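Chemist: Here you go, this is upload-v8.cif (mmCIF, C-alpha atoms).
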data_target
#
loop_
_atom_site.label_atom_id
_atom_site.label_comp_id
_atom_site.auth_asym_id
_atom_site.auth_seq_id
_atom_site.Cartn_x
_atom_site.Cartn_y
_atom_site.Cartn_z
CA MET L 283 12.40 -36.94 20.29
CA THR L 284 11.14 -33.36 20.06
CA THR L 285 12.14 -31.30 17.04
CA LYS L 286 13.66 -27.93 17.88
CA ASN L 287 11.71 -25.00 16.42
CA GLY L 288 14.28 -23.05 14.41
CA TRP L 289 11.89 -20.11 14.07
CA THR L 290 12.10 -19.15 17.74
CA GLY L 291 13.00 -15.46 18.01
CA THR L 292 12.02 -14.54 14.45
CA ILE L 293 9.79 -11.47 14.18
CA ASN L 294 6.91 -13.08 12.24
CA GLY L 295 7.37 -16.63 13.51
CA MET L 296 7.14 -19.78 11.40
CA PRO L 297 5.10 -19.35 8.21
CA ARG L 298 2.65 -21.96 6.93
CA VAL L 299 2.74 -23.75 3.58
CA GLY L 300 0.31 -21.94 1.29
CA GLN L 301 0.62 -18.62 3.12
CA ALA L 302 1.07 -15.72 0.69
CA ALA L 303 1.78 -12.00 0.69
CA GLU L 304 2.02 -9.30 -1.93
CA ARG L 305 2.84 -5.64 -2.47
CA SER L 306 2.21 -3.30 -5.38
CA ARG L 307 3.91 -0.14 -6.63
CA THR L 308 4.18 1.99 -9.75
CA THR L 309 7.56 2.24 -11.49
CA SER L 310 9.16 5.57 -12.37
CA MET L 311 12.18 7.18 -13.99
CA ALA L 312 13.44 7.78 -10.45
CA ASP L 313 13.67 3.98 -10.05
CA ILE L 314 15.79 3.72 -13.20
CA GLU L 315 18.04 6.55 -12.04
CA ALA L 316 18.48 5.08 -8.55
CA PHE L 317 19.31 1.64 -9.98
CA THR L 318 21.80 3.21 -12.39
CA ALA L 319 23.44 5.10 -9.51
CA MET L 320 23.88 1.78 -7.66
CA THR L 321 24.96 -0.39 -10.58
CA GLY L 322 26.11 1.74 -13.50
CA ASP L 323 23.49 0.12 -15.79
CA ARG L 324 22.83 2.80 -18.44
CA ASN L 325 21.37 0.52 -21.11
CA PRO L 326 19.72 2.83 -23.69
CA VAL L 327 16.41 0.89 -23.46
CA HIS L 328 16.10 2.49 -20.01
CA TYR L 329 16.96 6.06 -21.05
CA ASP L 330 16.53 6.69 -24.78
CA GLU L 331 12.78 6.84 -25.37
CA ALA L 332 13.02 7.25 -29.18
CA LEU L 333 15.28 4.20 -29.44
CA ALA L 334 13.23 2.18 -26.93
CA ARG L 335 10.04 2.75 -28.99
CA LYS L 336 11.77 1.10 -31.98
CA THR L 337 12.68 -2.05 -29.99
CA ALA L 338 10.56 -5.14 -29.40
CA PHE L 339 9.54 -3.54 -26.08
CA GLY L 340 8.05 -0.47 -27.78
CA LYS L 341 8.69 1.68 -24.72
CA LEU L 342 11.21 2.62 -22.04
CA ILE L 343 11.62 -0.27 -19.62
CA VAL L 344 12.93 -0.47 -16.07
CA GLN L 345 15.93 -2.63 -15.23
CA GLY L 346 15.23 -6.23 -14.19
CA GLY L 347 16.56 -5.43 -10.72
CA VAL L 348 13.91 -2.74 -10.34
CA THR L 349 11.23 -5.23 -11.38
CA THR L 350 12.38 -7.94 -8.97
CA GLY L 351 13.09 -5.50 -6.14
CA ILE L 352 9.45 -5.64 -5.11
CA VAL L 353 9.88 -9.35 -4.32
CA ASN L 354 12.75 -8.40 -2.00
CA ALA L 355 10.40 -6.02 -0.18
CA VAL L 356 7.67 -8.65 0.25
CA VAL L 357 10.17 -11.19 1.60
CA ALA L 358 11.92 -8.74 3.97
CA GLU L 359 8.84 -6.93 5.23
CA ASP L 360 5.95 -9.40 5.03
CA LEU L 361 6.68 -13.08 4.42
CA PRO L 362 8.74 -14.61 5.95
CA GLY L 363 9.50 -11.08 7.20
CA PRO L 364 12.20 -9.06 8.98
CA GLY L 365 15.55 -10.80 9.21
CA THR L 366 14.99 -12.78 5.99
CA VAL L 367 17.71 -13.07 3.36
CA PHE L 368 17.84 -14.96 0.08
CA LEU L 369 19.98 -18.08 -0.16
CA ASN L 370 18.97 -18.83 -3.75
CA THR L 371 16.75 -17.42 -6.45
CA ASN L 372 15.75 -18.93 -9.78
CA LEU L 373 13.87 -16.31 -11.78
CA ASN L 374 12.47 -16.34 -15.29
CA PHE L 375 11.84 -12.97 -16.92
CA ARG L 376 8.70 -13.25 -19.08
CA LYS L 377 7.72 -9.64 -19.85
CA ALA L 378 9.48 -6.30 -19.60
CA VAL L 379 8.06 -3.64 -17.28
CA GLY L 380 7.70 -0.11 -18.56
CA VAL L 381 8.04 3.21 -16.77
CA GLY L 382 4.78 4.17 -15.08
CA GLU L 383 3.46 0.59 -14.87
CA THR L 384 2.00 -0.78 -11.66
CA ILE L 385 3.52 -4.10 -10.66
CA THR L 386 2.65 -6.55 -7.90
CA GLY L 387 5.22 -8.78 -6.23
CA ARG L 388 3.85 -11.96 -4.66
CA VAL L 389 5.39 -14.75 -2.62
CA GLU L 390 3.77 -18.01 -1.58
CA VAL L 391 5.29 -20.49 0.85
CA LEU L 392 5.94 -23.87 -0.79
CA THR L 393 7.98 -25.54 1.97
CA VAL L 394 9.01 -24.69 5.52
CA ARG L 395 11.61 -26.39 7.68
CA GLU L 396 10.66 -26.42 11.34
CA ASP L 397 14.15 -27.21 12.66
CA LYS L 398 15.78 -24.33 10.73
CA PRO L 399 14.22 -21.03 9.60
CA LEU L 400 14.34 -21.99 5.92
CA CYS L 401 11.58 -21.63 3.32
CA THR L 402 11.10 -22.31 -0.34
CA LEU L 403 8.90 -19.66 -1.93
CA LYS L 404 7.08 -19.36 -5.23
CA VAL L 405 7.73 -15.79 -6.37
CA SER L 406 6.18 -13.68 -9.09
CA VAL L 407 5.82 -10.16 -10.38
CA THR L 408 2.76 -9.27 -12.44
CA ASP L 409 1.66 -6.11 -14.20
CA SER L 410 -1.69 -4.36 -13.79
CA THR L 411 -3.30 -6.65 -16.38
CA GLY L 412 -2.21 -9.72 -14.42
CA ALA L 413 0.41 -10.70 -16.99
CA ILE L 414 3.42 -12.46 -15.49
CA CYS L 415 6.58 -10.38 -15.80
CA VAL L 416 8.83 -12.55 -13.59
CA GLU L 417 8.25 -15.93 -11.99
CA GLY L 418 10.36 -18.45 -10.16
CA GLU L 419 11.39 -19.84 -6.79
CA ALA L 420 13.52 -18.62 -3.93
CA THR L 421 15.05 -20.20 -0.87
CA THR L 422 15.23 -17.97 2.20
CA PHE L 423 16.78 -17.97 5.66
CA THR L 424 15.21 -15.92 8.44
CA MET L 425 17.45 -14.72 11.26
CA PRO L 426 16.00 -14.45 14.75
CA LEU L 427 16.06 -10.74 15.59
CA GLU L 428 13.99 -10.65 18.79
CA GLY L 429 16.08 -9.74 21.78
CA LEU L 430 19.12 -8.49 19.84
#
Show the structure stored in the file as structure tokens.
Modeler:
Amino acid sequence: MTTKNGWTGTINGMPRVGQAAERSRTTSMADIEAFTAMTGDRNPVHYDEALARKTAFGKLIVQGGVTTGIVNAVVAEDLPGPGTVFLNTNLNFRKAVGVGETITGRVEVLTVREDKPLCTLKVSVTDSTGAICVEGEATTFTMPLEGL
């Protein structure tokens, strides 16, 4: 019996176990403001620099959604790629990210189903020193978009 390839019609095709991709960007106050506009999150540790300096963080920090957003970009643009959505995420926040810090989001394929376009990914976000800010796993589904 031949197994149907569930990745037929996906933009990037079926990924391989061990395949990885990453993207980097520098955070900014504009990120905080955009996230606040979407969510209403006006936590003072994101806006009040004098107060933020007195906290355990010692600086203004971006919202967790800003930090993890780079993982969304890697998944949707690179690996598995266009048409991919999250079915599950399990993320552990290890270190806050400050304004003006360069972060790198990385995904690595842990498992791939051939019969359905499903993957389990190891995900992480690190800062410019290589310190882990967020780490965890995600399960994704990739929709076939070719020919639509």
Chemist: Running the PyMOL selection byres ((chain L and resi 360) around 10) on this model by hand, what would come out? Give it as a list in words.
Modeler: Asn294, Ala302, Ala303, Glu304, Arg305, Asn354, Ala355, Val356, Val357, Ala358, Glu359, Leu361, Pro362, Gly363, Pro364, Thr366 and Val389 of chain L
Chemist: Name the residues, using the chain letters and numbers of the file, that sit within 8 Å of (3.9, -23.0, 9.5) when counting only C-alpha atoms, and give them as a list in words.
Modeler: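 The requested residues, written out, are Met296, Pro297, Arg298, Val299, Val394 and Glu396 of chain L.
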Chemist: Find the residues near Lys336 (chain L): any atom within 12 Å, counting all atoms listed in the file, skip ones fewer than 6 places away on the same chain, and give them as a list of chain:residue names.
Modeler: L:Pro326, L:Val327, L:Asp330, L:Leu342
Chemist: For the residues selected in the previous step, produce a file with C-alpha atoms as an mmCIF file, in the frame of the given file.
Modeler:
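Final output, again.cif:
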data_model
loop_
_atom_site.group_PDB
_atom_site.id
_atom_site.type_symbol
_atom_site.label_atom_id
_atom_site.label_comp_id
_atom_site.auth_asym_id
_atom_site.auth_seq_id
_atom_site.Cartn_x
_atom_site.Cartn_y
_atom_site.Cartn_z
ATOM 1 C CA PRO L 326 19.720 2.830 -23.690
ATOM 2 C CA VAL L 327 16.410 0.890 -23.460
ATOM 3 C CA ASP L 330 16.530 6.690 -24.780
ATOM 4 C CA LEU L 342 11.210 2.620 -22.040
#
Chemist: To test your reading of the syntax: which residues would the PyMOL selection byres ((chain L and resi 345) around 12) return for the file shown? Reply as a VMD selection string.
Modeler: chain L and resid 309 to 318 320 to 329 342 to 344 346 to 351 375 377 to 381
Chemist: By how many Å are CA of Phe339 (chain L) and CA of Cys415 (chain L) apart?
Modeler: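 So the answer is 12.7 Å.
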Chemist: I'd like to know which of L:Ile293, L:Leu430, L:Met425, L:Ala413 is closest to Glu383 (chain L), using only C-alpha atoms.
Modeler: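 Residue with the minimum atom-to-atom distance to Glu383 (chain L): L:Ala413.
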Chemist: Run the PyMOL selection byres ((chain L and resi 417) around 9) mentally over the shown coordinates, then write out the matched residues as number ranges by chain, using the chain letters and numbers from the document.
Modeler: L: 372-376, 404-408, 414-416, 418-419
Chemist: The centre and edge lengths of an axis-aligned box containing all atoms of region 407-411 of chain L present in the file, extended by 6 Å on each side, are to be given in Å to one decimal, as AutoDock Vina command-line options.
Modeler:
--center_x 1.3 --center_y -7.3 --center_z -13.4 --size_x 21.1 --size_y 17.8 --size_z 18.0
Chemist: Report, in Å to a single decimal, how far apart CA of Ala420 (chain L) and CA of Thr308 (chain L) are.
Modeler: 23.4 Å
Chemist: Which distance in Å separates CA of Val367 (chain L) and CA of Gly295 (chain L), to one decimal?
Modeler: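 Value for the CA of Val367 (chain L)-CA of Gly295 (chain L) distance: 14.9 Å.
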Chemist: Hey, which of L:Leu427, L:Gly288, L:Thr384, L:Gly300 ends up closest to Leu403 (chain L)? Count only C-alpha atoms.
Modeler: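 So, comparing all the options, the nearest one is L:Gly300.
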